[in-house]
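Q: Please find entry.txt (compact mmCIF, C-alpha atoms and all ligand atoms) on the next line:
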```
# COMPACT_ATOMS: atom_id res chain seq x y z
CA MET A 1 -32.88 79.36 36.18
CA SER A 2 -35.32 77.61 33.95
CA PRO A 3 -37.62 74.95 35.43
CA TYR A 4 -36.15 72.56 32.97
CA LYS A 5 -32.65 72.96 34.45
CA THR A 6 -33.89 72.35 38.02
CA LYS A 7 -35.51 69.19 36.84
CA THR A 8 -32.27 67.86 35.40
CA ARG A 9 -30.40 68.63 38.57
CA VAL A 10 -32.97 66.70 40.63
CA LEU A 11 -32.71 63.82 38.20
CA LYS A 12 -28.94 63.92 38.36
CA SER A 13 -28.86 63.88 42.14
CA SER A 14 -31.30 60.96 42.33
CA LYS A 15 -29.19 59.07 39.80
CA ARG A 16 -26.04 59.63 41.87
CA LYS A 17 -27.82 58.26 44.92
CA MET A 18 -28.92 55.19 43.04
CA THR A 19 -25.40 54.48 41.83
CA GLN A 20 -24.02 54.87 45.33
CA LYS A 21 -26.66 52.49 46.66
CA MET A 22 -25.78 49.81 44.08
CA ARG A 23 -22.08 50.21 44.79
CA ASN A 24 -22.72 49.60 48.48
CA MET A 25 -24.77 46.51 47.75
CA ARG A 26 -22.06 45.03 45.58
CA GLN A 27 -19.47 45.68 48.27
CA LYS A 28 -21.65 43.89 50.79
CA LYS A 29 -22.09 40.84 48.54
CA ILE A 30 -18.36 40.45 48.05
CA GLU A 31 -17.84 40.65 51.80
CA ILE A 32 -20.30 37.83 52.31
CA ASN A 33 -18.42 35.68 49.81
CA TYR A 34 -15.16 36.29 51.57
CA ASP A 35 -16.51 35.73 55.02
CA SER A 36 -18.56 32.59 54.69
CA ASP A 37 -16.77 29.24 54.22
CA LEU A 38 -19.13 27.53 51.83
CA THR A 39 -17.09 24.34 51.55
CA ALA A 40 -17.13 23.89 55.28
CA ASN A 41 -20.92 23.99 55.47
CA ASN A 42 -21.88 22.31 52.21
CA PRO A 43 -21.22 18.51 52.13
CA VAL A 44 -21.39 18.35 48.31
CA LEU A 45 -18.80 21.03 47.77
CA ARG A 46 -16.54 19.54 50.41
CA GLU A 47 -16.61 16.17 48.63
CA CYS A 48 -15.85 17.79 45.30
CA SER A 49 -12.97 19.84 46.56
CA THR A 50 -11.08 16.78 47.83
CA PRO A 51 -9.92 15.36 44.45
CA TYR A 52 -8.32 18.68 43.55
CA LYS A 53 -6.21 18.42 46.66
CA ILE A 54 -5.07 14.91 45.58
CA ILE A 55 -3.53 16.18 42.39
CA PHE A 56 -1.28 18.58 44.19
CA ASP A 57 -0.44 16.18 47.01
CA ASP A 58 2.69 14.15 46.53
CA ASN A 59 1.53 11.36 48.79
CA PRO A 60 0.06 8.51 46.65
CA GLN A 61 -1.17 6.57 49.67
CA GLN A 62 -3.19 9.57 50.76
CA ALA A 63 -4.44 9.95 47.19
CA LEU A 64 -5.69 6.38 47.03
CA SER A 65 -7.54 6.63 50.33
CA ASN A 66 -9.15 9.82 49.06
CA ILE A 67 -10.37 8.05 45.92
CA SER A 68 -11.87 5.24 47.96
CA ASP A 69 -13.78 7.88 49.88
CA LEU A 70 -15.65 8.74 46.69
CA ASN A 71 -18.97 7.13 46.15
CA ILE A 72 -18.36 4.98 43.00
CA SER A 73 -20.40 1.92 43.95
CA GLU A 74 -23.02 2.72 41.30
CA ILE A 75 -20.47 2.68 38.43
CA ASN A 76 -19.45 -0.92 39.16
CA ASN A 77 -22.48 -2.29 37.35
CA HIS A 78 -21.62 -0.94 33.90
CA ILE A 79 -19.79 -3.80 32.21
CA LEU A 80 -18.47 -2.97 28.77
CA PRO A 81 -18.76 -5.65 26.04
CA LEU A 82 -14.99 -5.48 25.59
CA GLU A 83 -14.53 -7.01 29.05
CA ASN A 84 -15.38 -10.38 27.50
CA GLU A 85 -12.32 -10.25 25.28
CA ASN A 86 -9.21 -11.65 26.82
CA CYS A 87 -6.43 -10.11 24.76
CA ASN A 88 -2.81 -11.02 25.32
CA TYR A 89 0.48 -10.03 23.75
CA ASN A 90 0.34 -12.41 20.78
CA ASP A 91 -2.91 -10.88 19.62
CA THR A 92 -5.17 -13.79 20.58
CA ALA A 93 -8.70 -12.82 21.57
CA THR A 94 -11.38 -15.14 22.93
CA THR A 95 -15.00 -14.11 22.58
CA ASN A 96 -18.20 -15.96 23.35
CA CYS A 97 -20.51 -13.75 21.34
CA LEU A 98 -20.63 -14.11 17.59
CA GLU A 99 -20.65 -10.58 16.15
CA GLY A 100 -19.50 -8.66 13.10
CA ARG A 101 -18.00 -10.11 9.93
CA ARG A 102 -15.01 -12.34 9.20
CA ILE A 103 -12.85 -13.12 6.20
CA VAL A 104 -13.08 -16.85 5.50
CA ASP A 105 -11.96 -19.36 2.91
CA ILE A 106 -15.50 -20.07 1.80
CA LYS A 107 -14.82 -23.47 0.21
CA HIS A 108 -12.96 -24.65 3.30
CA LEU A 109 -15.70 -23.45 5.66
CA PHE A 110 -18.54 -25.15 3.75
CA LYS A 111 -16.51 -28.33 3.48
CA GLN A 112 -16.10 -28.42 7.26
CA ILE A 113 -19.84 -27.94 7.73
CA GLN A 114 -20.60 -30.71 5.22
CA ASN A 115 -18.16 -33.06 6.98
CA SER A 116 -19.52 -32.25 10.45
CA LYS A 117 -21.55 -35.48 10.76
CA HIS A 118 -20.42 -37.38 13.86
CA GLY A 119 -21.35 -39.67 16.77
CA LYS A 120 -23.76 -42.56 17.07
CA PHE A 121 -26.86 -40.31 16.99
CA ASP A 122 -25.96 -39.26 13.46
CA CYS A 123 -25.86 -35.65 14.55
CA SER A 124 -24.32 -32.82 12.51
CA PHE A 125 -23.70 -29.07 12.44
CA LEU A 126 -27.45 -28.45 12.75
CA ASP A 127 -27.41 -29.93 16.28
CA MET A 128 -24.49 -27.83 17.46
CA GLU A 129 -24.46 -24.55 19.29
CA PHE A 130 -21.78 -21.88 19.27
CA LYS A 131 -19.47 -21.86 22.30
CA ASN A 132 -16.64 -19.44 21.61
CA GLU A 133 -14.29 -18.02 19.04
CA ILE A 134 -10.52 -17.76 19.31
CA ARG A 135 -9.25 -15.08 17.02
CA LYS A 136 -5.69 -14.24 15.98
CA GLY A 137 -6.00 -11.05 13.99
CA TYR A 138 -8.15 -11.94 10.99
CA ASN A 139 -7.82 -15.68 11.54
CA SER A 140 -10.60 -17.34 13.57
CA VAL A 141 -11.31 -20.75 15.07
CA PHE A 142 -14.96 -21.28 16.06
CA TYR A 143 -15.84 -23.85 18.73
CA PHE A 144 -19.23 -25.54 18.61
CA LYS A 145 -20.67 -28.06 21.07
CA CYS A 146 -23.18 -30.72 20.06
CA LYS A 147 -26.44 -30.53 22.00
CA MET A 148 -27.10 -34.24 21.43
CA CYS A 149 -23.83 -35.95 22.32
CA GLY A 150 -21.74 -33.18 23.83
CA THR A 151 -18.92 -33.43 21.28
CA THR A 152 -16.95 -30.20 20.80
CA SER A 153 -15.89 -29.43 17.22
CA SER A 154 -13.76 -26.63 15.88
CA PHE A 155 -14.25 -24.83 12.57
CA THR A 156 -11.40 -22.77 11.16
CA SER A 157 -11.80 -19.72 8.95
CA GLU A 158 -9.12 -21.07 6.61
CA ASN A 159 -7.15 -24.27 6.09
CA GLN A 160 -4.13 -23.94 8.34
CA ASN A 161 -2.37 -26.92 6.76
CA GLU A 162 -2.67 -25.51 3.27
CA ASN A 163 0.44 -23.73 2.07
CA LYS A 164 -0.84 -22.80 -1.35
CA TYR A 165 -1.82 -19.36 -0.12
CA LEU A 166 -0.49 -16.77 2.29
CA GLU A 167 -1.96 -16.90 5.77
CA ILE A 168 -4.75 -14.30 6.06
CA ASN A 169 -2.91 -11.90 8.39
CA GLN A 170 0.13 -11.96 6.14
CA ALA A 171 -2.05 -11.59 3.06
CA ILE A 172 -3.77 -8.55 4.57
CA VAL A 173 -0.49 -6.90 5.53
CA ASN A 174 0.85 -7.68 2.07
CA GLY A 175 -2.26 -6.07 0.60
CA THR A 176 -1.71 -2.91 2.61
CA LEU A 177 1.79 -2.73 1.14
CA ALA A 178 0.47 -3.21 -2.37
CA ILE A 179 -1.99 -0.33 -2.10
CA GLY A 180 0.25 1.89 -0.03
CA ILE A 181 -1.68 2.15 3.22
CA GLY A 182 -0.54 1.65 6.80
CA TYR A 183 -1.91 0.28 10.04
CA THR A 184 -4.23 3.23 10.77
CA GLN A 185 -5.97 2.98 7.41
CA LEU A 186 -6.27 -0.79 7.74
CA SER A 187 -7.91 -0.59 11.16
CA GLU A 188 -10.23 2.16 9.95
CA PHE A 189 -11.18 0.06 6.92
CA SER A 190 -11.77 -3.04 9.07
CA ALA A 191 -13.89 -1.04 11.49
CA SER A 192 -16.06 0.22 8.60
CA ALA A 193 -16.58 -3.35 7.42
CA GLU A 194 -17.12 -4.58 10.99
CA ILE A 195 -14.23 -7.01 10.80
CA PRO A 196 -12.11 -7.36 13.97
CA ALA A 197 -8.61 -6.17 13.08
CA LEU A 198 -5.00 -6.87 14.02
CA SER A 199 -3.21 -5.05 16.80
CA SER A 200 -0.50 -2.62 15.78
CA THR A 201 2.28 -4.72 17.35
CA SER A 202 1.21 -7.78 15.36
CA TYR A 203 0.97 -5.66 12.24
CA ILE A 204 4.60 -4.57 12.60
CA LYS A 205 5.72 -8.11 13.42
CA ILE A 206 4.00 -9.51 10.31
CA LEU A 207 5.29 -6.66 8.18
CA ASN A 208 8.85 -7.72 8.98
CA ASN A 209 8.16 -11.32 8.01
CA VAL A 210 6.07 -10.64 4.94
CA SER A 211 9.00 -9.40 2.86
CA ASP A 212 10.46 -12.92 2.83
CA SER A 213 7.18 -14.40 1.62
CA VAL A 214 6.92 -11.77 -1.10
CA ASN A 215 10.44 -12.50 -2.21
CA ASN A 216 9.89 -16.28 -2.27
CA SER A 217 6.64 -16.10 -4.18
CA ALA A 218 8.19 -13.65 -6.68
CA ILE A 219 11.00 -16.13 -7.34
CA GLU A 220 8.50 -18.98 -7.70
CA GLU A 221 6.39 -17.00 -10.16
CA MET A 222 9.44 -16.08 -12.22
CA LYS A 223 10.55 -19.71 -12.33
CA SER A 224 7.17 -20.89 -13.56
CA ALA A 225 7.11 -18.10 -16.17
CA GLY A 226 10.53 -19.29 -17.34
CA GLU A 227 9.24 -22.85 -17.67
CA GLU A 228 6.33 -21.63 -19.76
CA GLU A 229 8.64 -19.62 -22.04
CA ARG A 230 10.88 -22.66 -22.41
CA ARG A 231 7.96 -24.86 -23.39
CA ILE A 232 6.83 -22.35 -26.06
CA ALA A 233 10.38 -22.00 -27.38
CA LEU A 234 10.66 -25.78 -27.64
CA GLU A 235 7.35 -26.01 -29.52
CA ARG A 236 8.52 -23.39 -32.01
CA GLY A 237 12.00 -24.86 -32.33
CA ASN A 238 13.81 -21.74 -31.12
CA VAL A 239 17.12 -23.38 -30.23
CA ASP A 240 20.65 -22.10 -30.77
CA ASP A 241 23.56 -24.20 -32.08
CA LYS A 242 24.49 -25.27 -28.51
CA GLY A 243 20.99 -26.60 -27.86
CA VAL A 244 19.92 -23.77 -25.51
CA LEU A 245 16.35 -22.49 -25.96
CA LEU A 246 15.93 -18.91 -27.15
CA CYS A 247 13.28 -16.37 -26.29
CA THR A 248 12.43 -12.76 -26.99
CA VAL A 249 12.14 -10.46 -24.00
CA ILE A 250 10.90 -6.99 -23.21
CA ALA A 251 12.92 -4.95 -20.72
CA ASP A 252 12.47 -1.58 -19.10
CA GLY A 253 13.48 0.21 -15.94
CA GLN A 254 11.70 2.38 -13.43
CA TRP A 255 12.74 4.74 -10.67
CA SER A 256 11.30 5.80 -7.36
CA LYS A 257 11.17 9.38 -8.57
CA ARG A 258 9.47 10.85 -11.60
CA SER A 259 12.32 12.02 -13.77
CA TYR A 260 11.28 12.29 -17.37
CA LYS A 261 14.53 13.34 -19.07
CA THR A 262 15.40 15.68 -16.16
CA LYS A 263 16.67 15.32 -12.57
CA LEU A 264 17.85 11.75 -12.84
CA ASN A 265 18.84 11.35 -9.20
CA ALA A 266 16.38 8.84 -7.76
CA PHE A 267 17.47 6.88 -4.69
CA SER A 268 16.24 3.54 -5.93
CA GLY A 269 15.44 1.96 -9.24
CA ALA A 270 14.38 -1.39 -10.63
CA ALA A 271 14.37 -3.08 -13.99
CA ALA A 272 12.17 -5.93 -15.16
CA ILE A 273 12.61 -8.45 -17.95
CA ILE A 274 9.35 -9.84 -19.33
CA GLY A 275 8.88 -12.78 -21.67
CA LEU A 276 7.22 -11.75 -24.96
CA GLN A 277 5.12 -14.91 -25.32
CA THR A 278 3.87 -15.28 -21.75
CA LYS A 279 3.89 -11.55 -20.87
CA LYS A 280 5.17 -12.67 -17.46
CA VAL A 281 8.10 -11.35 -15.47
CA LEU A 282 11.30 -13.39 -15.84
CA PHE A 283 13.65 -11.20 -13.84
CA ILE A 284 13.66 -8.20 -11.53
CA GLY A 285 16.79 -6.28 -10.59
CA ILE A 286 16.66 -3.70 -7.81
CA ARG A 287 19.26 -1.03 -7.11
CA ASN A 288 19.28 1.16 -4.00
CA ARG A 289 21.78 3.92 -3.42
CA TYR A 290 20.35 5.12 -0.13
CA CYS A 291 19.90 3.50 3.27
CA CYS A 292 18.56 5.69 6.07
CA VAL A 293 20.43 3.79 8.82
CA CYS A 294 23.77 4.07 7.02
CA GLN A 295 23.08 7.71 6.12
CA ARG A 296 22.22 8.66 9.72
CA ALA A 297 25.41 7.00 10.97
CA ARG A 298 27.44 8.82 8.34
CA THR A 299 25.95 12.20 9.34
CA LYS A 300 26.81 11.52 12.99
CA LYS A 301 30.27 10.27 11.92
CA GLU A 302 29.68 6.97 13.72
CA ALA A 303 29.82 3.34 12.66
CA ALA A 304 26.43 2.11 11.44
CA PRO A 305 24.69 -0.37 13.78
CA SER A 306 24.06 -3.86 12.45
CA HIS A 307 20.93 -3.75 10.29
CA LEU A 308 19.34 -5.31 7.27
CA CYS A 309 20.91 -3.06 4.65
CA PHE A 310 19.47 -2.78 1.16
CA LEU A 311 22.20 -0.53 -0.13
CA ASN A 312 23.63 -2.08 -3.29
CA TRP A 313 24.50 0.73 -5.64
CA SER A 314 27.00 3.57 -5.52
CA LYS A 315 26.98 4.81 -9.10
CA SER A 316 24.57 7.14 -10.90
CA SER A 317 20.81 6.58 -10.99
CA THR A 318 20.77 6.47 -14.79
CA SER A 319 23.04 3.44 -14.91
CA MET A 320 20.78 1.43 -12.55
CA GLU A 321 18.51 0.28 -15.40
CA SER A 322 21.21 -0.99 -17.74
CA ASP A 323 23.08 -2.73 -14.92
CA ALA A 324 19.95 -4.53 -13.68
CA ILE A 325 18.97 -5.63 -17.20
CA VAL A 326 22.45 -6.94 -17.94
CA GLU A 327 22.32 -8.88 -14.64
CA GLY A 328 19.10 -10.52 -15.83
CA PHE A 329 20.75 -11.53 -19.11
CA LEU A 330 23.74 -12.96 -17.26
CA GLN A 331 21.51 -15.10 -15.03
CA SER A 332 19.06 -16.25 -17.70
CA VAL A 333 20.73 -19.59 -18.40
CA ASN A 334 21.12 -20.44 -14.70
CA MET A 335 17.67 -19.27 -13.74
CA HIS A 336 15.54 -20.47 -16.63
CA GLY A 337 17.79 -22.40 -19.03
CA LEU A 338 17.03 -19.75 -21.64
CA LYS A 339 19.00 -17.27 -23.73
CA TYR A 340 17.32 -13.94 -24.47
CA ASN A 341 18.22 -13.51 -28.14
CA LYS A 342 15.97 -10.53 -28.92
CA LEU A 343 15.38 -7.53 -26.71
CA ILE A 344 12.42 -5.21 -27.16
CA GLY A 345 13.13 -1.97 -25.36
CA ASP A 346 12.77 1.79 -25.35
CA GLY A 347 15.18 3.92 -27.31
CA ASP A 348 17.59 3.90 -24.34
CA SER A 349 21.05 3.51 -25.85
CA SER A 350 22.75 2.81 -22.49
CA VAL A 351 21.17 -0.66 -22.25
CA THR A 352 22.32 -1.64 -25.76
CA LYS A 353 25.76 -0.23 -25.08
CA LYS A 354 26.13 -2.14 -21.82
CA ILE A 355 24.91 -5.41 -23.38
CA ASN A 356 27.35 -5.01 -26.25
CA GLU A 357 30.14 -4.41 -23.73
CA VAL A 358 29.32 -7.34 -21.46
CA LEU A 359 28.21 -9.80 -24.19
CA PRO A 360 26.38 -12.08 -21.72
CA TYR A 361 26.29 -15.14 -24.02
CA GLY A 362 29.82 -14.90 -25.41
CA SER A 363 31.41 -12.83 -28.18
CA ASN A 364 29.75 -14.64 -31.10
CA PHE A 365 26.19 -14.37 -29.78
CA GLN A 366 24.64 -11.07 -30.82
CA ILE A 367 21.46 -9.93 -29.05
CA LYS A 368 19.12 -8.30 -31.51
CA LYS A 369 17.62 -5.02 -30.38
CA ILE A 370 14.02 -4.25 -31.37
CA GLU A 371 12.55 -0.83 -30.74
CA CYS A 372 9.38 -0.87 -28.68
CA ARG A 373 6.36 0.32 -30.68
CA ASN A 374 4.97 2.38 -27.79
CA HIS A 375 8.25 4.17 -27.27
CA LEU A 376 8.64 4.82 -31.01
CA LEU A 377 5.16 6.29 -31.19
CA ARG A 378 5.77 8.34 -28.08
CA ASN A 379 8.92 9.78 -29.63
CA TYR A 380 6.97 10.43 -32.86
CA CYS A 381 4.38 12.42 -30.87
CA THR A 382 7.09 14.30 -28.93
CA LYS A 383 8.75 15.36 -32.22
CA MET A 384 5.39 16.47 -33.62
CA MET A 385 4.72 18.47 -30.45
CA ALA A 386 8.14 20.14 -30.85
CA LEU A 387 7.10 21.29 -34.36
CA THR A 388 4.05 23.07 -32.92
CA LYS A 389 6.36 25.12 -30.65
CA ARG A 390 8.37 26.53 -33.58
CA ALA A 391 7.42 30.14 -34.16
CA ASP A 392 8.75 30.19 -37.76
CA TYR A 393 5.73 28.17 -38.95
CA PRO A 394 2.33 29.84 -39.42
CA ILE A 395 0.05 29.60 -36.40
CA ASN A 396 -2.83 27.85 -38.24
CA VAL A 397 -0.52 25.02 -39.39
CA ARG A 398 0.82 24.58 -35.84
CA LYS A 399 -2.66 24.55 -34.37
CA CYS A 400 -3.78 21.97 -36.89
CA ILE A 401 -0.87 19.70 -35.95
CA SER A 402 -1.36 20.01 -32.20
CA ASN A 403 -5.09 19.23 -32.54
CA ASN A 404 -4.40 16.11 -34.61
CA ILE A 405 -1.38 14.52 -32.91
CA LEU A 406 -3.31 11.56 -31.51
CA ARG A 407 -4.97 11.01 -34.90
CA PHE A 408 -1.58 10.93 -36.64
CA ARG A 409 -0.52 8.35 -34.10
CA SER A 410 -3.59 6.17 -34.58
CA ASP A 411 -3.12 6.36 -38.39
CA VAL A 412 0.30 4.77 -37.96
CA THR A 413 -1.02 1.99 -35.67
CA LYS A 414 -3.92 1.31 -38.08
CA ALA A 415 -1.49 1.05 -40.99
CA MET A 416 0.62 -1.39 -38.98
CA GLU A 417 -2.38 -3.58 -38.16
CA HIS A 418 -3.44 -3.58 -41.81
CA HIS A 419 -0.04 -4.63 -43.14
CA LEU A 420 0.42 -7.27 -40.45
CA ASN A 421 -2.75 -9.01 -41.66
CA THR A 422 -1.73 -9.14 -45.34
CA ASN A 423 -0.11 -12.32 -46.62
CA LEU A 424 2.70 -10.52 -48.43
CA PRO A 425 6.41 -11.26 -47.78
CA VAL A 426 7.86 -9.38 -44.77
CA GLN A 427 10.14 -7.14 -46.86
CA HIS A 428 7.19 -6.12 -49.01
CA GLN A 429 5.08 -5.42 -45.92
CA ILE A 430 7.83 -3.15 -44.58
CA THR A 431 8.13 -1.08 -47.76
CA GLU A 432 4.35 -0.72 -47.97
CA LEU A 433 4.14 0.32 -44.30
CA ARG A 434 6.88 2.89 -44.80
CA LYS A 435 4.94 4.41 -47.72
CA ASP A 436 1.77 4.50 -45.64
CA ILE A 437 3.46 6.18 -42.70
CA GLU A 438 4.90 8.84 -44.99
CA ASN A 439 1.49 9.40 -46.54
CA SER A 440 -0.44 9.36 -43.25
CA LEU A 441 0.03 13.10 -42.68
CA TYR A 442 -1.33 14.08 -46.09
CA HIS A 443 -4.13 11.61 -45.70
CA ARG A 444 -5.24 13.12 -42.41
CA LEU A 445 -4.85 16.73 -43.60
CA GLY A 446 -6.87 15.98 -46.72
ZN ZN B 501 -23.35 -35.02 18.31
ZN ZN B 502 22.33 0.39 5.55
```
Just give me the structure of the file as structure tokens.
A:
Amino acid sequence: MSPYKTKTRVLKSSKRKMTQKMRNMRQKKIEINYDSDLTANNPVLRECSTPYKIIFDDNPQQALSNISDLNISEINNHILPLENENCNYNDTATTNCLEGRRIVDIKHLFKQIQNSKHGKFDCSFLDMEFKNEIRKGYNSVFYFKCKMCGTTSSFTSENQNENKYLEINQAIVNGTLAIGIGYTQLSEFSASAEIPALSSTSYIKILNNVSDSVNNSAIEEMKSAGEEERRIALERGNVDDKGVLLCTVIADGQWSKRSYKTKLNAFSGAAAIIGLQTKKVLFIGIRNRYCCVCQRARTKKEAAPSHLCFLNWSKSSTSMESDAIVEGFLQSVNMHGLKYNKLIGDGDSSVTKKINEVLPYGSNFQIKKIECRNHLLRNYCTKMMALTKRADYPINVRKCISNNILRFRSDVTKAMEHHLNTNLPVQHQITELRKDIENSLYHRLG
């Protein structure tokens, strides 16, 4: 046996002993843990263990008495600044500290300050001190008390008797609709700007009311646009043989879904008629062929509950535009006292067809159709693009066309501008323009 081997055996045996020793120690430690009741002896641990028992206990009375056992007297002193605000269900908050920013009608506010002179001591705003603020969403009333005579005056963030503009809360909710955000984004935005915001319940309440205001102001705007068009028509002497004023309009439709020549199955669409002279909207027609309440009821095979239903169309999406435009033509005399004698529109034949069918102003009143320049040019570019896709032409020619499409287009518009400014007779201008358009390609290609 080599000395080396003996040595290893000794080492091995000592190692075994060590391991055994450690194992014994660990066993002992665990026994201690099991034996001793730490919670019984330690007051801190006993206190802490109580709340856990509460959770599993089904006796609330017991739970409450256990909570009162806890030492919470120190916490009572921490008053949060929000405690000052007395919020109730109609979103009114009273604060006596002036903090953050507000949205105010600046002219109205300064006017109130300028008119704040009062009392026999000739005191004004400068002698007043802030008392409190009563806030309803974004609308505030500030109360100030005069240090000289004790008079209390109120200053409003906007003129509440003025009905020329939407009330601020309604205006804000309307704004969120216009930019497509909801309550969460609005409150986040207000918080960033340090402006106290609306509560979510008020937001929803206002949202329901705001649609009426939007509708009313849209009608008002359209009426005033009609008056303006009528005045211009009268100045220019555009009157038909029955003494009704005539005006040229632009009309086009839009859908809720992008459907450029494919997948024309949008759920809602609208069409607008715009006066050429004022560039203002004279009519809007909206068609919806989907209502989620009605649809849900239909899926469940139940009767739909009473609701504000916007469903007003059952035919195809493509026919929404022409139907809405024709409706605008039919109402033009009632609404504005005008007849739309010329229609500038896209190359959509369905509108022309429908107008020729309905003949809104009687069988001997023809509405002249004018092609919209933008649509004509767009079609011109689409046709040019189609040429570049044709493999039977050499590649260098196709590349040259596709690189110059926008230039070809601008050549046409430049030619139009040039001929419009010449003093030649209209027929002459047209023939010249036609020549120029035909030549524009050669001109650009050298
Ligand atoms: Zn005073
Ligand atoms: Zn419905």
Q: Select from chain A every residue with an atom at most 12 Å from any atom of ligand ZN 501 (chain B), then for each give the shortest pair of atoms and their distance in Å to one decimal, using all atoms listed in the file, rows by chain and rising number, as a Markdown table.
A:
```
| residue | atom | partner | partner_atom | distance |
| --- | --- | --- | --- | --- |
| A:Ser116 | CA | B:ZN501 | ZN | 9.2 |
| A:Lys117 | CA | B:ZN501 | ZN | 7.8 |
| A:His118 | CA | B:ZN501 | ZN | 5.8 |
| A:Gly119 | CA | B:ZN501 | ZN | 5.3 |
| A:Lys120 | CA | B:ZN501 | ZN | 7.7 |
| A:Phe121 | CA | B:ZN501 | ZN | 6.5 |
| A:Asp122 | CA | B:ZN501 | ZN | 7.0 |
| A:Cys123 | CA | B:ZN501 | ZN | 4.6 |
| A:Ser124 | CA | B:ZN501 | ZN | 6.3 |
| A:Phe125 | CA | B:ZN501 | ZN | 8.4 |
| A:Leu126 | CA | B:ZN501 | ZN | 9.5 |
| A:Asp127 | CA | B:ZN501 | ZN | 6.8 |
| A:Met128 | CA | B:ZN501 | ZN | 7.3 |
| A:Glu129 | CA | B:ZN501 | ZN | 10.6 |
| A:Phe144 | CA | B:ZN501 | ZN | 10.3 |
| A:Lys145 | CA | B:ZN501 | ZN | 8.0 |
| A:Cys146 | CA | B:ZN501 | ZN | 4.6 |
| A:Lys147 | CA | B:ZN501 | ZN | 6.6 |
| A:Met148 | CA | B:ZN501 | ZN | 4.9 |
| A:Cys149 | CA | B:ZN501 | ZN | 4.1 |
| A:Gly150 | CA | B:ZN501 | ZN | 6.0 |
| A:Thr151 | CA | B:ZN501 | ZN | 5.6 |
| A:Thr152 | CA | B:ZN501 | ZN | 8.4 |
| A:Ser153 | CA | B:ZN501 | ZN | 9.4 |
```
Q: At a cut-off of 6 Å and counting only C-alpha atoms and all ligand atoms, what residues surround ligand ZN 502 (chain B)? Please answer as a list in words.
A: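 For ligand ZN 502 (chain B), the residues inside 6 Å are Cys291, Val293, Cys294, Cys309 and Leu311 of chain A.
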Q: May I have the residues from that selection written out with C-alpha atoms, as a PDB file, in the frame of the given file?
A:
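So the final result, stored in result-v1.pdb, reads:
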```
ATOM      1  CA  CYS A 291      19.900   3.500   3.270  1.00  0.00           C
ATOM      2  CA  VAL A 293      20.430   3.790   8.820  1.00  0.00           C
ATOM      3  CA  CYS A 294      23.770   4.070   7.020  1.00  0.00           C
ATOM      4  CA  CYS A 309      20.910  -3.060   4.650  1.00  0.00           C
ATOM      5  CA  LEU A 311      22.200  -0.530  -0.130  1.00  0.00           C
TER       6      LEU A 311
END
```
Q: Would you kindly return, as JSON, numbers by chain, each protein, DNA or RNA residue with an atom no farther than 10 Å from any atom of stretch 264-279 of chain A, considering all atoms listed in the file and excluding same-chain residues fewer than 4 positions away?
A: {"A": [222, 225, 226, 228, 229, 232, 233, 247, 248, 249, 250, 251, 252, 253, 254, 255, 256, 257, 258, 259, 260, 283, 284, 285, 286, 287, 288, 289, 290, 291, 311, 312, 313, 316, 317, 318, 319, 320, 321, 322, 323, 324, 325, 326, 327, 328, 329, 340, 342, 343, 344, 345]}
Q: Which residues come within 8 Å of A:Val412, counting all atoms listed in the file, excluding same-chain residues fewer than 2 positions away, as an NGL selection string?
A: :A and (408-410 or 414-416 or 436-437 or 440)
Q: Using only C-alpha atoms for the distances, tell me which of A:Ile103, A:Cys372, A:Met384, A:Ala197 is nearest to A:Asp91.
A: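 Closest to A:Asp91 of all the choices is A:Ala197.
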Q: Measuring atom to atom with all atoms listed in the file, identify which of A:Val214, A:Val173, A:Cys292, A:Leu420 is nearest to A:Ser202.
A: A:Val173
Q: I'd like the neighbourhood of A:Ser154 as a list of chain:residue names, where a residue qualifies if any of its atoms comes within 8 Å (using all atoms listed in the file), though same-chain residues fewer than 6 positions away should be ignored.
A: A:Val141, A:Phe142, A:Tyr143, A:Phe144
Q: Leaving out A:Gly137 and any residue of its chain fewer than 4 positions from it, which residues lie within 8 Å of it when counting only C-alpha atoms, given as a ChimeraX atom specification?
A: /A:91-92,169,196-199
Q: Taking 5 positions as the minimum chain separation for residues in the same chain, which residues sit within 9 Å of A:His108 when counting all atoms listed in the file? Answer as a list in words.
A: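 Close residues of A:His108: Ile113, Thr156, Ser157, Glu158 and Asn159 of chain A.
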Q: Suppose you want the space between atom CA of A:Ser187 and atom CA of A:Lys136; what is it in Å?
A: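 These two atoms are separated by 14.6 Å.
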Q: What does the distance from atom CA of A:Lys242 to atom CA of A:Lys223 come to in Å, to one decimal?
A: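 Atom-to-atom, atom CA of A:Lys242 to atom CA of A:Lys223, that is 22.1 Å.
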Q: Of the candidates A:Asn132, A:Leu282, A:Phe155, A:Lys399, which one gets nearest to A:Lys111 if we count only C-alpha atoms?
A: A:Phe155
Q: One number please: atom CA of A:Tyr380 to atom CA of A:Gln366, in Å, one decimal.
A: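 About the pair atom CA of A:Tyr380 and atom CA of A:Gln366: they are 27.9 Å apart.
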Q: A:Asn161, A:Thr201, A:Gln429, A:Asn439: which is nearest A:Asp411, counting only C-alpha atoms?
A: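 Selected residue with least distance to A:Asp411: A:Asn439.
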